[in-house]
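Report on the structure given below.
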Number of protein chains: 4
Amino acid sequence: MGTRYNLIAGDSVERLAALSDGLFAVAMTLLVLDLKLPAREGIATDGALLAALSALAPRVLVYLMSFLTLGIFWVGQQTQLSHFARCNRHVTWIHLLFLFAVSLMPFSTSLMAEFITLRAALLLYWLDILLLGALLAASWRYAMRARLVEPEVAASISRSVEQRIYIAQALYAFGAALCFVSTWWSIGFIILVQMIYVVGPRRGILSRI
Amino acid sequence: MGTRYNLIAGDSVERLAALSDGLFAVAMTLLVLDLKLPAREGIATDGALLAALSALAPRVLVYLMSFLTLGIFWVGQQTQLSHFARCNRHVTWIHLLFLFAVSLMPFSTSLMAEFITLRAALLLYWLDILLLGALLAASWRYAMRARLVEPEVAASISRSVEQRIYIAQALYAFGAALCFVSTWWSIGFIILVQMIYVVGPRRGILSRI
Amino acid sequence: MGTRYNLIAGDSVERLAALSDGLFAVAMTLLVLDLKLPAREGIATDGALLAALSALAPRVLVYLMSFLTLGIFWVGQQTQLSHFARCNRHVTWIHLLFLFAVSLMPFSTSLMAEFITLRAALLLYWLDILLLGALLAASWRYAMRARLVEPEVAASISRSVEQRIYIAQALYAFGAALCFVSTWWSIGFIILVQMIYVVGPRRGILSRI
Amino acid sequence: MGTRYNLIAGDSVERLAALSDGLFAVAMTLLVLDLKLPAREGIATDGALLAALSALAPRVLVYLMSFLTLGIFWVGQQTQLSHFARCNRHVTWIHLLFLFAVSLMPFSTSLMAEFITLRAALLLYWLDILLLGALLAASWRYAMRARLVEPEVAASISRSVEQRIYIAQALYAFGAALCFVSTWWSIGFIILVQMIYVVGPRRGILSRI
């Protein structure tokens with residue numbers, strides 16, 4: 001009798017990484033399609049153009065925030081995959097669902113940009129982030145259990161990988177909760193948190209989040 | 001005299017995989033473009049927004065189904081390519097036609113989402129799935145005949161690769177046939193089958209499909 | 001003094017291949033965006049939907065033709081790159097211009113689909129194919145001169161690579177010229193030629209084109 | 001205690017390159033979506049079609065210019081990455097911000113094409129180029145300081161990599177400043193500079209820019 005299909009399927013870390021890079025690249029670029037050009041009619045001077053563009057500012061802010069979100073999760077996923085010694089169909093599917101949440105990001109972003117003062121739009125956006133975090137956490141826990149990571153590597157980094165996800169999600173949840181004050185507070189707080197992740201301070205309390 | 005062109009063309013498994021990853025990534029992300037934002041006019045409260053979004057629910061269902069379809073066929077193609085010891089122009093073209101069927105998926109999906117109660121839309125969607133399955137089966141049979149897979153590997157996995165395709169196609173065909181009861185039955189059944197493929201149960205009868 | 005910039009730029013065959021795979025993947029998938037869904041109004045039965053879809057048939061034909069065109073040139077470029085022992089900035093730029101012509105393909109295709117009976121649309125489409133062929137030929141000639149291909153490899157395949165391009169371009173030019181009879185003759189002839197390239201007959205006169 | 005997360009994140013040059021290739025590929029292909037087909041109504045002859053298309057000429061020019069811009073920066077980034085012996089989270093984030101500027105390019109391009117006579121549009125386009133250059137320079141300086149490039153390699157090429165960026169940015173700035181004469185002069189000058197970079201003359205004064 002032959003080998004069961006499920007034992008040989010989805011075993012390539014490289015192809016999972018390549019699909020992920022492609023999907024992140026498309027999602028990141030589609031975000032900007034949400035930036036619509038101002039209509040040419042009635043715009044004849046530099047001043048009129050700049051005035052029309054300044055009306056796009058909230059969208060640019062939301063767009064930048066989503067680009068950072070995708071960047072942070074791309075780095076997070078890469079960090080996991082680069083420590084996988086091998087791959088199997090189960091972890092592949094966790095990552096495919098993770099990519100599903102990535103592909104929803106341009107929609108979540110447009111929704112929030114269009115309804116920027118509505119709590120429902122912000123909370124749906126946060127749900128997308130929560131889904132991304134939950135799937136990354138699930139991927140790591142599964143990888144530990146199924147020994148997809150070499151044991152000595154796992155021992156030294158496993159805690160920091162999980163902690164990073166939980167702390168980040170706690171901060172995102174707090175940011176989302178701020179929408180009950182104002183959605184602008186939420187957006188401001190989330191961008192602040194993301195800036196810290198982008199800069200990655202090397203010392204002090206912020207280096208530990 | 002020089003080597004004939006056809007003998008040296010299309011011999012890179014890596015580039016075929018890279019093109020495939022790119023095309024799947026774009027197709028998966030384009031699916032979501034079908035989710036149109038509700039119009040801003042007349043939506044001023046969280047409740048109104050959620051009501052407008054709930055009208056999108058059937059589209060989200062169809063979109064999720066297509067994402068799973070593409071995921072399943074991506075895993076299936078990856079499983080084949082990762083067992084190819086080499087590649088040639090014939091098998092490359094079978095996969096290019098496979099990618100053609102992949103690129104049709106966003107259109108098939110939009111069509112079904114827009115005309116979700118019409119049997120013709122569901123059957124065209126199924127034809128796309130049938131084409132994907134037929135081309136994967138053709139790729140494997142050709143690869144066996146042309147010895148693109150190492151003989152000892154081929155012996156141990158060939159039957160399970162083929163069986164997986166035929167069983168899946170039989171289930172899809174049954175699901176499609178359910179549209180003569182109702183297209184909703186078809187969609188429900190197909191999503192159920194896909195969930196089983198996603199979860200990949202390790203024991204019991206379901207582990208054998 | 002340091003090394004001149006131009007001597008160290010653009011030296012990665014792998015990244016050129018990856019950019020090309022990405023660009024081809026996007027272009028191939030964008031083609032299908034030209035297939036617009038029929039409007040939902042007035043379509044309530046399977047028959048009405050099939051009738052509305054059959055009006056899309058000429059577009060599907062043009063779309064298939066362009067997918068084959070892109071597939072053929074993707075195989076052609078891959079065949080060249082996989083024989084390059086190294087890369088430099090000059091050949092990289094020839095390929096970037098080649099990718100420019102690839103990125104024009106969705107536009108050329110839409111133009112021809114929209115104005116399918118006008119010779120001007122067909123000839124612009126052919127100009128795009130001519131540009132693709134001319135740049136591939138330029139790439140090979142430059143690679144020979146700059147010894148980017150190992151000499152022993154070059155000796156055995158150089159003639160067949162060049163011949164393939166010239167014969168294909170002669171056939172495309174003949175096909176384009178048929179538009180002075182009718183643009184449909186052109187399209188039919190070009191698809192016929194492409195089918196031969198897809199099938200790649202192993203013997204007889206057709207195996208030599 | 002485990003390894004801190006920031007020490008293990010973002011360490012793959014390969015994945016950064018793959019994400020970049022994907023994002024450049026999408027951005028390059030999206031540029032062309034700005035080329036809108038002429039409306040079918042009222043166009044019944046070859047002459048009418050060519051007349052309608054000739055009205056697109058300024059857009060094609062802008063589009064070609066942006067394709068060259070992206071090509072030049074893609075080569076520039078590739079040249080840096082191919083000399084990195086390793087990668088870390090800081091340099092990864094510099095490149096993610098670089099990719100953000102890349103993803104803005106289709107928007108900047110559309111804006112300039114739509115408002116081609118307005119200085120504000122041209123200067124915003126130039127700001128995007130400036131951002132791309134500044135981030136590439138930052139990436140190189142950081143890589144030198146953090147010893148991501150092998151010391152002996154760094155010694156021989158570091159000056160030419162930096163000089164190339166500064167000279168190019170000086171030329172772009174001069175081109176942008178020409179918009180105070182006319183935006184057409186700016187566009188003409190920038191395309192001229194880009195052509196020199198594409199051709200990459202091997203001797204004379206132009207080989208040094």
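Following the order of the structure tokens, chains are lettered A, B, ..., residues in each are numbered from 1, and ligands are numbered from 1.
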Using only C-alpha atoms, determine which residues lie at most 12 Å from stretch 152-159 of chain D, disregarding the query and same-chain residues fewer than 4 positions distant; provide the list as a PyMOL selection string. (chain C and resi 1-9) or (chain D and resi 79-80+82-85+137+139-148+163-167)
Dump as an mmCIF file with all heavy atoms, in the first residue's frame the residues of chain D that approach chain B to within 12 Å, counting only C-alpha atoms.
data_model
loop_
_atom_site.group_PDB
_atom_site.id
_atom_site.type_symbol
_atom_site.label_atom_id
_atom_site.label_comp_id
_atom_site.auth_asym_id
_atom_site.auth_seq_id
_atom_site.Cartn_x
_atom_site.Cartn_y
_atom_site.Cartn_z
ATOM 1 N N ALA D 18 12.467 38.447 -1.688
ATOM 2 C CA ALA D 18 11.268 37.901 -2.337
ATOM 3 C C ALA D 18 10.078 38.844 -2.165
ATOM 4 O O ALA D 18 9.320 39.091 -3.111
ATOM 5 C CB ALA D 18 10.941 36.522 -1.751
ATOM 6 N N LEU D 19 9.908 39.403 -0.961
ATOM 7 C CA LEU D 19 8.823 40.362 -0.764
ATOM 8 C C LEU D 19 9.020 41.576 -1.665
ATOM 9 O O LEU D 19 8.078 42.077 -2.287
ATOM 10 C CB LEU D 19 8.774 40.806 0.700
ATOM 11 C CG LEU D 19 7.649 41.792 1.032
ATOM 12 C CD1 LEU D 19 6.310 41.074 1.054
ATOM 13 C CD2 LEU D 19 7.882 42.486 2.361
ATOM 14 N N ASP D 21 10.697 41.758 -4.537
ATOM 15 C CA ASP D 21 10.434 41.419 -5.935
ATOM 16 C C ASP D 21 8.939 41.389 -6.198
ATOM 17 O O ASP D 21 8.462 41.892 -7.214
ATOM 18 C CB ASP D 21 11.068 40.065 -6.285
ATOM 19 C CG ASP D 21 12.582 40.159 -6.313
ATOM 20 O OD1 ASP D 21 13.101 41.253 -6.573
ATOM 21 O OD2 ASP D 21 13.243 39.140 -6.065
ATOM 22 N N GLY D 22 8.182 40.803 -5.267
ATOM 23 C CA GLY D 22 6.732 40.757 -5.432
ATOM 24 C C GLY D 22 6.127 42.147 -5.453
ATOM 25 O O GLY D 22 5.330 42.479 -6.330
ATOM 26 N N LEU D 23 6.548 42.975 -4.527
ATOM 27 C CA LEU D 23 5.948 44.304 -4.438
ATOM 28 C C LEU D 23 6.318 45.165 -5.643
ATOM 29 O O LEU D 23 5.474 45.881 -6.190
ATOM 30 C CB LEU D 23 6.383 44.968 -3.130
ATOM 31 C CG LEU D 23 5.369 45.976 -2.604
ATOM 32 C CD1 LEU D 23 5.216 45.840 -1.110
ATOM 33 C CD2 LEU D 23 5.762 47.379 -2.975
ATOM 34 N N ALA D 25 6.987 44.006 -8.580
ATOM 35 C CA ALA D 25 6.257 43.439 -9.723
ATOM 36 C C ALA D 25 4.826 43.958 -9.749
ATOM 37 O O ALA D 25 4.310 44.343 -10.810
ATOM 38 C CB ALA D 25 6.277 41.912 -9.651
ATOM 39 N N VAL D 26 4.166 43.979 -8.594
ATOM 40 C CA VAL D 26 2.785 44.456 -8.553
ATOM 41 C C VAL D 26 2.732 45.950 -8.884
ATOM 42 O O VAL D 26 1.914 46.385 -9.699
ATOM 43 C CB VAL D 26 2.140 44.195 -7.181
ATOM 44 C CG1 VAL D 26 0.708 44.686 -7.169
ATOM 45 C CG2 VAL D 26 2.186 42.719 -6.832
ATOM 46 N N THR D 29 3.172 46.657 -12.538
ATOM 47 C CA THR D 29 2.042 46.271 -13.386
ATOM 48 C C THR D 29 0.835 47.151 -13.117
ATOM 49 O O THR D 29 0.038 47.408 -14.028
ATOM 50 C CB THR D 29 1.682 44.789 -13.147
ATOM 51 O OG1 THR D 29 2.861 44.073 -12.836
ATOM 52 C CG2 THR D 29 1.042 44.195 -14.375
#
Spatial neighbours of stretch 182-186 of chain B, max dist 7 Å, only C-alpha atoms, sep filter under 4 positions, as number ranges by chain: B: 117, 119, 122, 175-176, 178, 190
Given the selection you just returned, output its residues as a file containing all heavy atoms, formatted as a compact mmCIF listing (two decimals), in the first residue's frame.
# COMPACT_ATOMS: atom_id res chain seq x y z
N THR B 117 -28.20 32.13 -6.75
CA THR B 117 -29.32 31.18 -6.81
C THR B 117 -29.45 30.51 -8.17
O THR B 117 -30.31 29.65 -8.37
CB THR B 117 -30.65 31.90 -6.50
OG1 THR B 117 -30.82 32.94 -7.47
CG2 THR B 117 -30.64 32.49 -5.10
N ARG B 119 -28.37 27.97 -11.09
CA ARG B 119 -27.59 26.75 -11.28
C ARG B 119 -26.46 26.94 -12.28
O ARG B 119 -25.38 26.36 -12.14
CB ARG B 119 -28.51 25.63 -11.78
CG ARG B 119 -29.30 24.97 -10.70
CD ARG B 119 -29.80 23.64 -11.19
NE ARG B 119 -30.75 23.79 -12.27
CZ ARG B 119 -32.07 23.87 -12.11
NH1 ARG B 119 -32.59 23.80 -10.90
NH2 ARG B 119 -32.87 24.00 -13.13
N LEU B 122 -23.35 28.19 -10.65
CA LEU B 122 -22.70 27.18 -9.82
C LEU B 122 -22.00 26.13 -10.69
O LEU B 122 -20.88 25.69 -10.39
CB LEU B 122 -23.70 26.50 -8.90
CG LEU B 122 -22.99 25.65 -7.86
CD1 LEU B 122 -23.36 26.07 -6.46
CD2 LEU B 122 -23.14 24.19 -8.10
N GLY B 175 -21.37 17.39 -5.05
CA GLY B 175 -21.77 18.70 -4.54
C GLY B 175 -22.41 19.54 -5.61
O GLY B 175 -23.45 20.17 -5.40
N ALA B 176 -21.79 19.57 -6.79
CA ALA B 176 -22.35 20.35 -7.89
C ALA B 176 -23.73 19.83 -8.26
O ALA B 176 -24.66 20.61 -8.52
CB ALA B 176 -21.40 20.31 -9.09
N LEU B 178 -25.88 18.57 -6.43
CA LEU B 178 -26.88 19.00 -5.44
C LEU B 178 -27.57 20.31 -5.83
O LEU B 178 -28.59 20.66 -5.26
CB LEU B 178 -26.22 19.17 -4.06
CG LEU B 178 -25.91 17.88 -3.29
CD1 LEU B 178 -25.16 18.21 -2.00
CD2 LEU B 178 -27.19 17.12 -2.98
N ILE B 190 -19.96 21.57 -0.52
CA ILE B 190 -18.58 21.79 -0.97
C ILE B 190 -17.73 22.39 0.16
O ILE B 190 -16.58 21.96 0.39
CB ILE B 190 -18.54 22.68 -2.23
CG1 ILE B 190 -19.13 21.90 -3.42
CG2 ILE B 190 -17.13 23.14 -2.55
CD1 ILE B 190 -19.27 22.70 -4.70
Write down as an MDAnalysis selection string the residues belonging to stretch 55-205 of chain A that are assigned helix (DSSP H, G or I) by DSSP computed on the backbone. chainID A and resid 57:81 89:114 119:145 151:180 183:199 205
Just want the 10 Å neighbourhood of D:Glu114, counted on only C-alpha atoms, with same-chain residues fewer than 5 positions away dropped. Output as a PyMOL selection string. (chain A and resi 37-40) or (chain D and resi 34+58-59+62+108-109+121)
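Take atom CA of B:Leu124 and atom CA of B:Leu111: the distance between them is 8.7 Å.
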Out of A:Leu50, A:Ile191, A:Leu96, A:Ile129, which residue has the shortest atom-to-atom distance to B:Ile72 when counting only C-alpha atoms? A:Leu96
Write out as a CSV table (one decimal) with N, CA and C atoms, in the first residue's frame which residues come within 7 Å of A:Ser103 when counting only C-alpha atoms, dropping same-chain ones fewer than 2 positions away.
chain,number,residue,atom,x,y,z
A,27,ALA,N,-1.2,42.4,-1.2
A,27,ALA,CA,-2.0,43.1,-0.2
A,27,ALA,C,-1.5,44.5,0.1
A,99,LEU,N,-3.0,33.7,5.9
A,99,LEU,CA,-2.9,34.5,4.6
A,99,LEU,C,-4.3,35.0,4.2
A,100,PHE,N,-5.3,34.2,4.6
A,100,PHE,CA,-6.7,34.6,4.4
A,100,PHE,C,-7.0,35.9,5.1
A,101,ALA,N,-6.5,35.9,6.4
A,101,ALA,CA,-6.7,37.2,7.2
A,101,ALA,C,-5.9,38.3,6.6
A,105,MET,N,-7.2,42.3,4.8
A,105,MET,CA,-6.7,43.5,5.3
A,105,MET,C,-7.0,44.7,4.4
A,106,PRO,N,-6.8,44.6,3.1
A,106,PRO,CA,-7.2,45.8,2.3
A,106,PRO,C,-8.7,46.1,2.5
B,29,THR,N,-5.8,37.2,-3.5
B,29,THR,CA,-6.0,38.5,-3.0
B,29,THR,C,-7.1,39.3,-3.9
B,32,VAL,N,-10.9,39.1,-2.9
B,32,VAL,CA,-11.5,40.0,-1.9
B,32,VAL,C,-11.9,41.3,-2.5
